[in-house]
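> This is the content of final02.txt (compact mmCIF, C-alpha atoms (C1' of nucleotides)):
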# COMPACT_ATOMS: atom_id res chain seq x y z
CA MET A 1 -89.83 -36.02 -0.68
CA THR A 2 -86.49 -36.08 -2.31
CA GLN A 3 -85.65 -39.72 -1.80
CA ASN A 4 -88.06 -42.15 -0.27
CA SER A 5 -91.27 -40.45 0.67
CA ASP A 6 -92.84 -43.38 2.49
CA THR A 7 -89.93 -43.77 4.87
CA PRO A 8 -91.98 -42.67 7.92
CA ALA A 9 -94.61 -45.31 7.22
CA ARG A 10 -91.99 -47.99 6.76
CA LEU A 11 -90.27 -46.92 9.97
CA ILE A 12 -93.57 -47.22 11.80
CA ASP A 13 -94.05 -50.72 10.43
CA ALA A 14 -90.59 -51.79 11.52
CA ALA A 15 -91.02 -50.16 14.92
CA THR A 16 -94.38 -51.87 15.39
CA ARG A 17 -92.79 -55.26 14.81
CA GLN A 18 -89.82 -54.60 17.06
CA PHE A 19 -91.76 -53.02 19.91
CA ALA A 20 -94.20 -55.92 19.77
CA ALA A 21 -91.39 -58.45 19.87
CA ARG A 22 -89.07 -56.91 22.45
CA GLY A 23 -90.93 -54.09 24.20
CA TYR A 24 -90.02 -50.45 24.52
CA PRO A 25 -86.79 -50.78 26.52
CA GLY A 26 -85.66 -53.72 24.38
CA VAL A 27 -85.73 -51.77 21.13
CA SER A 28 -83.14 -49.22 20.06
CA ILE A 29 -83.97 -46.62 17.44
CA ALA A 30 -80.81 -47.66 15.61
CA SER A 31 -82.12 -51.20 15.16
CA VAL A 32 -85.42 -49.90 13.79
CA ALA A 33 -83.67 -47.65 11.29
CA GLN A 34 -81.26 -50.40 10.35
CA GLU A 35 -84.17 -52.57 9.27
CA LEU A 36 -84.60 -50.29 6.27
CA GLY A 37 -80.90 -49.67 5.80
CA LEU A 38 -80.96 -46.22 7.40
CA THR A 39 -79.14 -44.70 10.34
CA LYS A 40 -80.86 -43.70 13.53
CA GLN A 41 -80.48 -40.03 12.57
CA ALA A 42 -82.86 -40.58 9.68
CA LEU A 43 -85.41 -41.89 12.17
CA LEU A 44 -84.81 -38.97 14.51
CA HIS A 45 -85.29 -36.61 11.58
CA HIS A 46 -88.80 -37.96 11.05
CA PHE A 47 -89.95 -38.53 14.64
CA GLY A 48 -87.77 -36.38 16.85
CA THR A 49 -87.53 -38.79 19.78
CA LYS A 50 -87.96 -42.48 20.50
CA ASP A 51 -90.97 -41.65 22.61
CA ARG A 52 -92.76 -39.90 19.77
CA LEU A 53 -92.05 -42.83 17.50
CA TYR A 54 -93.64 -45.14 20.05
CA GLU A 55 -96.66 -42.90 20.47
CA THR A 56 -97.14 -42.81 16.73
CA VAL A 57 -97.01 -46.59 16.67
CA LEU A 58 -99.73 -46.73 19.33
CA ASP A 59 -101.85 -44.17 17.46
CA ARG A 60 -101.88 -46.31 14.35
CA LEU A 61 -102.56 -49.38 16.44
CA GLY A 62 -105.53 -47.66 18.04
CA ASP A 63 -106.95 -46.87 14.63
CA ARG A 64 -106.48 -50.43 13.43
CA ILE A 65 -108.17 -52.11 16.37
CA MET A 66 -111.13 -49.73 16.28
CA ALA A 67 -111.49 -50.45 12.59
CA ALA A 68 -111.20 -54.17 13.27
CA LEU A 69 -114.28 -54.08 15.49
CA GLY A 70 -116.33 -52.90 12.53
CA ASP A 71 -119.54 -50.97 12.84
CA THR A 72 -121.67 -53.87 13.99
CA GLY A 73 -123.87 -53.48 17.04
CA ASP A 74 -123.33 -57.12 17.96
CA ILE A 75 -120.58 -57.66 20.50
CA VAL A 76 -120.13 -61.29 19.59
CA LYS A 77 -119.45 -60.31 15.99
CA ALA A 78 -117.19 -57.51 17.16
CA PHE A 79 -115.08 -59.94 19.20
CA ASP A 80 -115.15 -62.29 16.26
CA HIS A 81 -113.72 -59.63 13.98
CA PHE A 82 -111.17 -58.67 16.56
CA LEU A 83 -110.02 -62.26 16.97
CA ASP A 84 -109.59 -62.49 13.21
CA HIS A 85 -107.61 -59.28 13.19
CA ALA A 86 -105.43 -60.29 16.14
CA GLY A 87 -104.77 -63.71 14.63
CA ALA A 88 -103.71 -62.10 11.37
CA ASN A 89 -101.74 -59.36 13.15
CA PRO A 90 -100.19 -60.88 16.28
CA ASP A 91 -97.97 -57.83 16.66
CA ASP A 92 -101.04 -55.77 17.40
CA ALA A 93 -102.08 -58.18 20.12
CA ALA A 94 -98.58 -58.21 21.59
CA LEU A 95 -98.45 -54.43 21.73
CA ILE A 96 -101.81 -54.30 23.50
CA ALA A 97 -100.66 -56.90 26.00
CA ARG A 98 -97.45 -54.98 26.61
CA GLU A 99 -99.36 -51.77 27.15
CA LEU A 100 -101.56 -53.45 29.74
CA LEU A 101 -98.36 -54.41 31.55
CA ASP A 102 -96.35 -51.27 31.07
CA HIS A 103 -98.62 -48.31 30.56
CA ASP A 104 -98.54 -47.09 34.13
CA ALA A 105 -94.75 -47.25 34.15
CA ARG A 106 -94.39 -44.81 31.27
CA ALA A 107 -95.03 -41.13 31.74
CA GLU A 108 -97.72 -40.70 29.07
CA THR A 109 -97.78 -36.95 29.18
CA GLY A 110 -101.32 -35.74 28.80
CA ARG A 111 -102.89 -37.56 25.91
CA GLN A 112 -105.62 -40.14 26.24
CA TRP A 113 -104.59 -43.75 26.29
CA PHE A 114 -105.17 -45.44 22.97
CA LEU A 115 -107.03 -48.38 24.49
CA ILE A 116 -109.74 -46.29 26.13
CA PRO A 117 -111.98 -45.87 23.08
CA PHE A 118 -111.52 -49.54 22.33
CA LEU A 119 -112.54 -50.67 25.81
CA ASN A 120 -115.38 -48.17 25.94
CA ARG A 121 -116.74 -49.40 22.65
CA LEU A 122 -116.69 -53.01 23.75
CA THR A 123 -118.25 -52.21 27.10
CA ALA A 124 -121.04 -50.28 25.43
CA LEU A 125 -121.71 -53.21 23.11
CA ALA A 126 -121.77 -55.54 26.09
CA ARG A 127 -124.25 -53.38 27.93
CA SER A 128 -126.55 -53.17 24.96
CA ALA A 129 -126.46 -56.95 24.56
CA ARG A 130 -127.00 -57.49 28.28
CA PRO A 131 -128.99 -54.63 29.81
CA ASP A 132 -129.05 -56.60 33.05
CA PHE A 133 -125.31 -55.97 33.46
CA THR A 134 -124.03 -53.15 35.59
CA ASP A 135 -121.20 -51.10 34.12
CA ALA A 136 -118.69 -52.93 36.26
CA GLU A 137 -120.05 -56.31 35.26
CA ALA A 138 -119.98 -55.40 31.60
CA LEU A 139 -116.39 -54.20 31.85
CA ALA A 140 -115.45 -57.31 33.79
CA GLU A 141 -116.92 -59.64 31.18
CA VAL A 142 -115.31 -57.70 28.35
CA TYR A 143 -112.01 -57.66 30.14
CA ALA A 144 -112.03 -61.35 30.96
CA HIS A 145 -112.80 -62.22 27.38
CA LEU A 146 -110.22 -59.83 25.97
CA GLY A 147 -107.60 -61.21 28.34
CA ALA A 148 -108.20 -64.77 27.24
CA LEU A 149 -108.10 -63.75 23.60
CA LEU A 150 -104.94 -61.66 23.88
CA THR A 151 -103.04 -64.18 25.96
CA TYR A 152 -103.82 -66.89 23.45
CA VAL A 153 -102.76 -64.90 20.40
CA VAL A 154 -99.70 -63.51 22.12
CA SER A 155 -98.24 -66.76 23.42
CA GLY A 156 -98.29 -68.50 20.07
CA PRO A 157 -94.57 -68.30 19.37
CA THR A 158 -93.66 -69.11 22.97
CA LEU A 159 -95.90 -72.15 23.18
CA ARG A 160 -94.82 -73.36 19.76
CA GLY A 161 -91.24 -73.33 20.97
CA VAL A 162 -92.15 -75.06 24.20
CA TYR A 163 -94.75 -77.63 23.17
CA GLY A 164 -93.89 -78.19 19.54
CA LYS A 165 -95.90 -77.63 16.41
CA LYS A 166 -98.28 -80.54 16.80
CA VAL A 167 -99.68 -79.52 20.16
CA LEU A 168 -99.95 -75.95 19.02
CA ARG A 169 -101.91 -76.93 15.95
CA GLY A 170 -104.39 -78.60 18.24
CA LEU A 171 -104.53 -75.47 20.36
CA ASP A 172 -105.00 -73.28 17.30
CA GLU A 173 -107.97 -75.39 16.41
CA ALA A 174 -109.53 -75.67 19.84
CA LEU A 175 -108.96 -72.24 21.32
CA PRO A 176 -110.81 -70.08 18.80
CA LYS A 177 -113.77 -72.41 19.24
CA VAL A 178 -113.57 -72.01 22.99
CA LEU A 179 -113.43 -68.24 22.63
CA ARG A 180 -116.39 -68.04 20.28
CA LYS A 181 -118.48 -70.37 22.38
CA GLN A 182 -117.61 -68.37 25.42
CA ALA A 183 -118.47 -65.06 23.82
CA LYS A 184 -121.95 -66.35 23.11
CA ARG A 185 -122.37 -67.67 26.60
CA ARG A 186 -121.12 -64.44 28.07
CA PHE A 187 -123.10 -61.94 26.13
CA LEU A 188 -126.11 -63.72 24.67
CA ALA A 189 -128.30 -64.63 27.57
CA LYS A 190 -131.03 -63.23 29.79
CA LYS A 191 -133.35 -60.48 28.58
CA THR A 192 -132.47 -61.29 25.01
CA ALA A 193 -133.56 -64.84 24.47
CA ARG A 194 -131.77 -65.95 21.40
CA LYS A 195 -131.65 -68.00 18.33
CA VAL A 196 -128.33 -69.81 17.78
CA MET B 1 -71.33 -65.37 55.54
CA THR B 2 -69.18 -62.60 56.77
CA GLN B 3 -71.59 -59.73 56.37
CA ASN B 4 -75.20 -60.09 55.41
CA SER B 5 -75.96 -63.71 54.81
CA ASP B 6 -79.41 -63.27 53.33
CA THR B 7 -78.26 -60.85 50.66
CA PRO B 8 -78.93 -63.28 47.79
CA ALA B 9 -82.53 -63.76 48.93
CA ARG B 10 -83.05 -60.03 49.24
CA LEU B 11 -81.53 -59.46 45.82
CA ILE B 12 -83.92 -62.01 44.37
CA ASP B 13 -86.85 -60.21 45.97
CA ALA B 14 -85.77 -56.86 44.59
CA ALA B 15 -85.08 -58.37 41.17
CA THR B 16 -88.50 -60.04 41.15
CA ARG B 17 -90.20 -56.71 41.73
CA GLN B 18 -88.15 -54.86 39.16
CA PHE B 19 -88.34 -57.51 36.44
CA ALA B 20 -92.09 -57.72 37.00
CA ALA B 21 -92.47 -53.97 36.73
CA ARG B 22 -90.13 -53.18 33.85
CA GLY B 23 -89.19 -56.44 32.17
CA TYR B 24 -85.78 -57.92 31.55
CA PRO B 25 -84.34 -55.24 29.24
CA GLY B 26 -85.78 -52.46 31.39
CA VAL B 27 -83.89 -53.51 34.50
CA SER B 28 -80.19 -52.92 35.15
CA ILE B 29 -78.34 -55.00 37.68
CA ALA B 30 -77.09 -51.78 39.23
CA SER B 31 -80.64 -50.65 40.02
CA VAL B 32 -81.41 -53.99 41.66
CA ALA B 33 -78.30 -53.82 43.81
CA GLN B 34 -78.95 -50.20 44.64
CA GLU B 35 -82.30 -51.15 46.15
CA LEU B 36 -80.39 -52.73 49.05
CA GLY B 37 -77.64 -50.14 49.07
CA LEU B 38 -75.12 -52.37 47.31
CA THR B 39 -73.14 -52.02 44.13
CA LYS B 40 -73.64 -54.16 41.07
CA GLN B 41 -70.39 -55.96 41.87
CA ALA B 42 -72.02 -57.43 44.93
CA LEU B 43 -74.84 -58.74 42.78
CA LEU B 44 -72.44 -60.17 40.22
CA HIS B 45 -70.54 -61.83 43.03
CA HIS B 46 -73.66 -63.77 44.02
CA PHE B 47 -75.18 -64.53 40.63
CA GLY B 48 -72.42 -64.21 38.07
CA THR B 49 -74.51 -62.69 35.30
CA LYS B 50 -77.76 -60.83 34.86
CA ASP B 51 -79.12 -63.84 33.03
CA ARG B 52 -78.48 -66.18 35.93
CA LEU B 53 -80.14 -63.74 38.28
CA TYR B 54 -83.22 -63.76 36.08
CA GLU B 55 -83.27 -67.52 35.84
CA THR B 56 -83.06 -67.77 39.61
CA VAL B 57 -86.02 -65.39 39.88
CA LEU B 58 -88.02 -67.63 37.53
CA ASP B 59 -87.03 -70.74 39.47
CA ARG B 60 -88.43 -69.34 42.68
CA LEU B 61 -91.50 -68.14 40.84
CA GLY B 62 -92.07 -71.63 39.48
CA ASP B 63 -91.92 -73.07 42.97
CA ARG B 64 -94.36 -70.49 44.32
CA ILE B 65 -97.01 -71.00 41.66
CA MET B 66 -96.85 -74.76 41.92
CA ALA B 67 -97.26 -74.44 45.68
CA ALA B 68 -100.12 -72.01 45.16
CA LEU B 69 -102.11 -74.65 43.26
CA GLY B 70 -102.06 -76.82 46.37
CA ASP B 71 -102.47 -80.58 46.28
CA THR B 72 -106.17 -80.59 45.53
CA GLY B 73 -107.49 -82.74 42.71
CA ASP B 74 -110.17 -80.18 41.95
CA ILE B 75 -109.24 -77.79 39.15
CA VAL B 76 -111.79 -75.21 40.21
CA LYS B 77 -110.21 -75.07 43.65
CA ALA B 78 -106.74 -74.99 42.11
CA PHE B 79 -107.65 -71.97 39.99
CA ASP B 80 -109.26 -70.44 43.04
CA HIS B 81 -106.06 -70.79 45.02
CA PHE B 82 -104.04 -69.44 42.14
CA LEU B 83 -106.27 -66.42 41.81
CA ASP B 84 -105.80 -65.73 45.50
CA HIS B 85 -102.05 -66.05 45.14
CA ALA B 86 -101.90 -63.87 42.03
CA GLY B 87 -104.06 -61.23 43.65
CA ALA B 88 -101.81 -61.15 46.68
CA ASN B 89 -98.63 -61.31 44.56
CA PRO B 90 -99.27 -59.34 41.38
CA ASP B 91 -95.55 -59.42 40.60
CA ASP B 92 -95.81 -63.14 40.09
CA ALA B 93 -98.64 -62.66 37.63
CA ALA B 94 -96.74 -59.95 35.79
CA LEU B 95 -93.67 -62.12 35.44
CA ILE B 96 -95.73 -64.97 34.03
CA ALA B 97 -97.40 -62.62 31.56
CA ARG B 98 -94.03 -61.24 30.52
CA GLU B 99 -92.67 -64.72 30.01
CA LEU B 100 -95.58 -65.61 27.77
CA LEU B 101 -94.66 -62.60 25.67
CA ASP B 102 -90.91 -62.85 25.76
CA HIS B 103 -89.83 -66.40 26.36
CA ASP B 104 -89.21 -67.25 22.72
CA ALA B 105 -87.07 -64.14 22.33
CA ARG B 106 -84.60 -65.17 25.01
CA ALA B 107 -82.09 -67.88 24.41
CA GLU B 108 -83.06 -70.17 27.31
CA THR B 109 -80.14 -72.50 26.95
CA GLY B 110 -81.20 -76.01 27.70
CA ARG B 111 -83.29 -76.01 30.83
CA GLN B 112 -86.99 -76.65 30.96
CA TRP B 113 -89.27 -73.65 30.98
CA PHE B 114 -90.60 -72.93 34.45
CA LEU B 115 -94.21 -72.76 33.28
CA ILE B 116 -94.32 -76.26 31.82
CA PRO B 117 -94.99 -78.13 35.09
CA PHE B 118 -97.59 -75.52 35.97
CA LEU B 119 -99.46 -75.84 32.68
CA ASN B 120 -99.14 -79.62 32.71
CA ARG B 121 -100.60 -79.81 36.18
CA LEU B 122 -103.57 -77.66 35.28
CA THR B 123 -104.18 -79.54 32.07
CA ALA B 124 -104.12 -82.84 33.92
CA LEU B 125 -106.63 -81.52 36.44
CA ALA B 126 -108.83 -80.32 33.61
CA ARG B 127 -108.77 -83.70 31.94
CA SER B 128 -109.66 -85.49 35.12
CA ALA B 129 -112.59 -83.13 35.69
CA ARG B 130 -113.73 -83.43 32.10
CA PRO B 131 -112.78 -86.82 30.64
CA ASP B 132 -114.74 -85.86 27.54
CA PHE B 133 -112.07 -83.28 26.69
CA THR B 134 -109.28 -84.07 24.29
CA ASP B 135 -105.80 -82.96 25.36
CA ALA B 136 -106.02 -79.97 23.05
CA GLU B 137 -109.43 -79.00 24.39
CA ALA B 138 -108.25 -79.25 27.97
CA LEU B 139 -105.19 -77.13 27.27
CA ALA B 140 -107.33 -74.61 25.41
CA GLU B 141 -109.77 -74.23 28.29
CA VAL B 142 -106.97 -73.97 30.82
CA TYR B 143 -105.18 -71.46 28.70
CA ALA B 144 -108.22 -69.30 28.07
CA HIS B 145 -109.00 -69.22 31.76
CA LEU B 146 -105.42 -68.51 32.75
CA GLY B 147 -105.22 -65.71 30.19
CA ALA B 148 -108.30 -64.00 31.55
CA LEU B 149 -107.02 -64.32 35.10
CA LEU B 150 -103.53 -63.07 34.37
CA THR B 151 -104.63 -60.16 32.24
CA TYR B 152 -106.99 -59.03 34.96
CA VAL B 153 -104.45 -59.20 37.76
CA VAL B 154 -101.71 -57.69 35.65
CA SER B 155 -103.58 -54.67 34.40
CA GLY B 156 -104.62 -53.48 37.81
CA PRO B 157 -102.18 -50.58 38.10
CA THR B 158 -102.68 -49.57 34.48
CA LEU B 159 -106.46 -49.54 34.67
CA ARG B 160 -106.41 -47.78 38.00
CA GLY B 161 -104.41 -44.99 36.44
CA VAL B 162 -106.68 -44.85 33.42
CA TYR B 163 -110.14 -45.35 34.87
CA GLY B 164 -109.71 -44.12 38.40
CA LYS B 165 -110.13 -45.91 41.67
CA LYS B 166 -113.90 -46.08 41.70
CA VAL B 167 -114.29 -47.99 38.47
CA LEU B 168 -111.47 -50.26 39.44
CA ARG B 169 -113.06 -51.12 42.74
CA GLY B 170 -116.13 -52.19 40.82
CA LEU B 171 -113.94 -54.28 38.56
CA ASP B 172 -112.15 -55.82 41.52
CA GLU B 173 -115.49 -56.90 42.84
CA ALA B 174 -117.00 -58.13 39.58
CA LEU B 175 -114.08 -59.83 37.89
CA PRO B 176 -113.20 -62.46 40.47
CA LYS B 177 -116.86 -63.45 40.47
CA VAL B 178 -116.80 -63.72 36.71
CA LEU B 179 -113.68 -65.86 36.85
CA ARG B 180 -115.04 -68.22 39.49
CA LYS B 181 -118.35 -68.61 37.71
CA GLN B 182 -116.54 -69.26 34.50
CA ALA B 183 -114.24 -71.85 36.03
CA LYS B 184 -117.27 -73.82 37.16
CA ARG B 185 -118.92 -73.52 33.78
CA ARG B 186 -115.74 -74.56 32.03
CA PHE B 187 -114.74 -77.55 34.05
CA LEU B 188 -117.81 -78.80 35.87
CA ALA B 189 -120.15 -80.01 33.20
CA LYS B 190 -120.95 -83.14 31.22
CA LYS B 191 -120.13 -86.51 32.74
CA THR B 192 -120.22 -84.77 36.11
CA ALA B 193 -123.77 -83.59 36.44
CA ARG B 194 -123.84 -80.67 38.76
CA LYS B 195 -125.23 -79.20 41.87
CA VAL B 196 -125.38 -75.42 42.46
C1' DG C 1 -50.65 -67.37 63.83
C1' DG C 2 -51.02 -68.53 58.90
C1' DC C 3 -54.29 -69.66 55.17
C1' DT C 4 -58.43 -69.84 52.73
C1' DT C 5 -63.02 -68.39 51.78
C1' DT C 6 -66.85 -65.13 51.63
C1' DA C 7 -68.60 -60.67 50.71
C1' DC C 8 -68.22 -56.97 49.07
C1' DG C 9 -66.31 -51.87 46.87
C1' DG C 10 -63.35 -49.03 43.46
C1' DA C 11 -61.69 -48.51 39.09
C1' DC C 12 -62.07 -49.52 34.69
C1' DC C 13 -63.22 -51.94 30.09
C1' DG C 14 -65.52 -52.01 25.41
C1' DG C 15 -69.81 -51.20 23.76
C1' DT C 16 -74.47 -49.14 23.23
C1' DC C 17 -77.96 -45.89 24.52
C1' DG C 18 -80.80 -41.53 23.02
C1' DG C 19 -79.87 -37.26 21.25
C1' DT C 20 -77.33 -32.96 19.03
C1' DA C 21 -74.69 -30.29 15.48
C1' DG C 22 -73.68 -29.58 11.15
C1' DG C 23 -73.06 -30.78 6.36
C1' DC C 24 -74.36 -32.79 1.77
C1' DT C 25 -77.60 -33.65 -2.05
C1' DA C 26 -81.61 -33.82 -4.72
C1' DT C 27 -85.89 -31.81 -5.59
C1' DA C 28 -89.49 -27.87 -5.43
C1' DT C 29 -90.28 -23.24 -5.97
C1' DA C 30 -89.39 -18.40 -7.35
C1' DT D 1 -80.70 -19.43 -12.01
C1' DA D 2 -81.07 -18.54 -6.88
C1' DT D 3 -83.08 -20.18 -2.79
C1' DA D 4 -85.39 -23.05 0.26
C1' DT D 5 -86.48 -27.43 2.02
C1' DA D 6 -86.78 -32.51 2.76
C1' DG D 7 -84.09 -36.48 3.49
C1' DC D 8 -80.31 -38.39 5.10
C1' DC D 9 -75.40 -38.64 6.46
C1' DT D 10 -70.80 -38.39 9.51
C1' DA D 11 -69.14 -37.09 13.73
C1' DC D 12 -69.71 -36.60 18.20
C1' DC D 13 -71.56 -36.19 23.23
C1' DG D 14 -72.55 -37.71 28.05
C1' DA D 15 -74.81 -41.37 30.29
C1' DC D 16 -75.37 -45.93 31.03
C1' DC D 17 -74.94 -50.95 29.99
C1' DG D 18 -73.01 -55.76 31.56
C1' DG D 19 -68.82 -57.50 33.00
C1' DT D 20 -63.66 -57.97 34.58
C1' DC D 21 -59.83 -57.03 37.60
C1' DC D 22 -58.13 -56.29 41.84
C1' DG D 23 -58.07 -54.98 46.44
C1' DT D 24 -59.70 -55.50 51.25
C1' DA D 25 -61.95 -56.59 55.49
C1' DA D 26 -63.98 -60.07 58.14
C1' DA D 27 -64.76 -64.76 59.46
C1' DG D 28 -63.68 -69.86 59.55
C1' DC D 29 -60.29 -73.51 59.73
C1' DC D 30 -55.88 -75.64 60.95
For the structure just supplied, provide its representation as structure tokens.

Amino acid sequence: MTQNSDTPARLIDAATRQFAARGYPGVSIASVAQELGLTKQALLHHFGTKDRLYETVLDRLGDRIMAALGDTGDIVKAFDHFLDHAGANPDDAALIARELLDHDARAETGRQWFLIPFLNRLTALARSARPDFTDAEALAEVYAHLGALLTYVVSGPTLRGVYGKKVLRGLDEALPKVLRKQAKRRFLAKKTARKV
Amino acid sequence: MTQNSDTPARLIDAATRQFAARGYPGVSIASVAQELGLTKQALLHHFGTKDRLYETVLDRLGDRIMAALGDTGDIVKAFDHFLDHAGANPDDAALIARELLDHDARAETGRQWFLIPFLNRLTALARSARPDFTDAEALAEVYAHLGALLTYVVSGPTLRGVYGKKVLRGLDEALPKVLRKQAKRRFLAKKTARKV
DNA sequence: GGCTTTACGGACCGGTCGGTAGGCTATATA
DNA sequence: TATATAGCCTACCGACCGGTCCGTAAAGCC
């Protein structure tokens, strides 16, 4: 650690932002390195290849979103925490959305996809909240809810540019309410008659 | 029309597939042209620049999705038609999802975004089904539903690769049901006391 | 038959891509 | 003090990028 020992972490941060904003093919390793005033060779020194940089970014992302769910056994709270996290870290949401679009296009040699533990966790929570669900139904409900949540968080900048700030402020007020209400309706019914 | 007069249309088809699969920065005009055995100069002859090719692709997409909604006044039916269309044309869904992610990053000189009429139409239908909604609430419900639908259609290939065909078949059976049930719950309530 | 237009291909341009080779410097260790 | 190593650089490579220039063959128009 002769010079700046946290360079790898800062490169990961920059790469996370750029991959989220422009996607894998839209980002050059030179532009990531340039963000901290380095050359691309410095980046290659730390990560070897662009692909390994990207995989590292996804690894960290996987850790963050699992942590965001918390250790609650309540799926509504888990989605609540995740919405908070995604709202505060839209880059994370964008990267997830991009992976849903692009994952099958990339080679992904061997390793397990970073979203699998996340989806499995949510599906398990859904099944424990609604034992009347089949596995497929639980995954479907989780997936539909996650899709609505991600699309909303992800399109913020786009819709702000298109509709203007005022409309978007209304959306930012209404949509989280819609999502929370929907989570309750989705997962808190049948078998588990509920309070509030 | 000396040689092949429908070349532009075929180029648009190829470009639609490739942009949907790999996104704007991931597609080279040479690879699009190559799909019909042409060189990139042929493509540039017809469209001038890569950007104009992409805009043409979005124009056609905008026409298709508006047509897919049909002329019904019933938002549940409109979403039903759109789900059918998106299921049969996953490239269209992928392009919309990519635009939601990327639109603000591109310059988009002047012209109106192709999704605006689509979103406006759906929002208007939502408001007429639920006069108790504010504009923001209607847009939020439309957007949440659209997000769930798009994410589902778009992630098909990815999830198939990750979960295997069997799980995905279960999802393909369960998720459309979830979406249809949800559309009814979203838009057919209050003021319009319900049957079914 | 001359002229223009359409539809391409070949050659090439400046620039950028990911990646390699090798060198320099500051620190850590012996 | 000698050596090793981490961190980063300059220089360079072949491949590819979007785009221009120019030629050419076929068809339409007069």
> Would you kindly return, as a PyMOL selection string, each protein, DNA or RNA residue with an atom no farther than 9 Å from any atom of stretch 173-185 of chain B, considering all atoms listed in the file and excluding same-chain residues fewer than 3 positions away?
(chain A and resi 136-141+143-144) or (chain B and resi 75-76+79-80+83+145+148-149+152+168-170+188-189)
> Generate a file of the selected residues that holds C-alpha atoms, formatted as a tab-separated table (two decimals), in the frame of the given file.

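Generated file (out_14.tsv):
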chain	number	residue	atom	x	y	z
A	136	ALA	CA	-118.69	-52.93	36.26
A	137	GLU	CA	-120.05	-56.31	35.26
A	138	ALA	CA	-119.98	-55.40	31.60
A	139	LEU	CA	-116.39	-54.20	31.85
A	140	ALA	CA	-115.45	-57.31	33.79
A	141	GLU	CA	-116.92	-59.64	31.18
A	143	TYR	CA	-112.01	-57.66	30.14
A	144	ALA	CA	-112.03	-61.35	30.96
B	75	ILE	CA	-109.24	-77.79	39.15
B	76	VAL	CA	-111.79	-75.21	40.21
B	79	PHE	CA	-107.65	-71.97	39.99
B	80	ASP	CA	-109.26	-70.44	43.04
B	83	LEU	CA	-106.27	-66.42	41.81
B	145	HIS	CA	-109.00	-69.22	31.76
B	148	ALA	CA	-108.30	-64.00	31.55
B	149	LEU	CA	-107.02	-64.32	35.10
B	152	TYR	CA	-106.99	-59.03	34.96
B	168	LEU	CA	-111.47	-50.26	39.44
B	169	ARG	CA	-113.06	-51.12	42.74
B	170	GLY	CA	-116.13	-52.19	40.82
B	188	LEU	CA	-117.81	-78.80	35.87
B	189	ALA	CA	-120.15	-80.01	33.20
> Could you superimpose chain B onto chain A using all C-alpha atoms, paired one by one in order, and tell me the resulting RMSD in Å?
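Least-squares fit of chain B onto chain A, C-alpha RMSD 0.3 Å.
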> What residues in chain B have any atom no more than 12 Å from chain D when counting only C-alpha atoms (C1' of nucleotides), and can you write them as a ChimeraX atom specification?
/B:1-4,25-31,40-41,43-45,48-51
> The selected residues should be written to file as a short mmCIF file (atom, residue, chain, number, x, y, z; two decimals), keeping the file's coordinate frame (atoms: C-alpha atoms).

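As written to disk, result-v6.cif reads:
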data_model
loop_
_atom_site.label_atom_id
_atom_site.label_comp_id
_atom_site.auth_asym_id
_atom_site.auth_seq_id
_atom_site.Cartn_x
_atom_site.Cartn_y
_atom_site.Cartn_z
CA MET B 1 -71.33 -65.37 55.54
CA THR B 2 -69.18 -62.60 56.77
CA GLN B 3 -71.59 -59.73 56.37
CA ASN B 4 -75.20 -60.09 55.41
CA PRO B 25 -84.34 -55.24 29.24
CA GLY B 26 -85.78 -52.46 31.39
CA VAL B 27 -83.89 -53.51 34.50
CA SER B 28 -80.19 -52.92 35.15
CA ILE B 29 -78.34 -55.00 37.68
CA ALA B 30 -77.09 -51.78 39.23
CA SER B 31 -80.64 -50.65 40.02
CA LYS B 40 -73.64 -54.16 41.07
CA GLN B 41 -70.39 -55.96 41.87
CA LEU B 43 -74.84 -58.74 42.78
CA LEU B 44 -72.44 -60.17 40.22
CA HIS B 45 -70.54 -61.83 43.03
CA GLY B 48 -72.42 -64.21 38.07
CA THR B 49 -74.51 -62.69 35.30
CA LYS B 50 -77.76 -60.83 34.86
CA ASP B 51 -79.12 -63.84 33.03
#
> I need the contact residues of chain C against chain A, so if you could list those with any atom within 10 Å, counting all atoms listed in the file, and return them as a PyMOL selection string, that would help.
chain C and resi 16-19+25-28
> When you draw a straight line from atom CA of B:Arg111 to atom CA of B:Asp59, how long is it in Å?
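Separating atom CA of B:Arg111 from atom CA of B:Asp59 is a distance of 10.8 Å.
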> Go ahead and compute the interatomic distance for atom CA of A:Tyr163 and atom CA of A:Arg22, in Å to one decimal.
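One can read the atom CA of A:Tyr163 to atom CA of A:Arg22 distance as 21.5 Å.
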> Of the residues B:Glu35, B:Asp13, B:Asp104, B:Asp135, which is the one nearest to chain A, using all atoms listed in the file?
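Nearest candidate to chain A out of B:Glu35, B:Asp13, B:Asp104, B:Asp135: B:Asp104.
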> Choose the residue, out of B:Arg17, B:Arg127, B:Arg52, B:Arg98, that has the smallest atom-to-atom separation from chain A; count only C-alpha atoms.
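Among B:Arg17, B:Arg127, B:Arg52, B:Arg98, it is B:Arg98 that comes nearest to chain A.
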> Interatomic distance between atom CA of B:Phe19 and atom CA of B:Ala68?
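According to the coordinates, atom CA of B:Phe19 and atom CA of B:Ala68 are separated by 20.6 Å.
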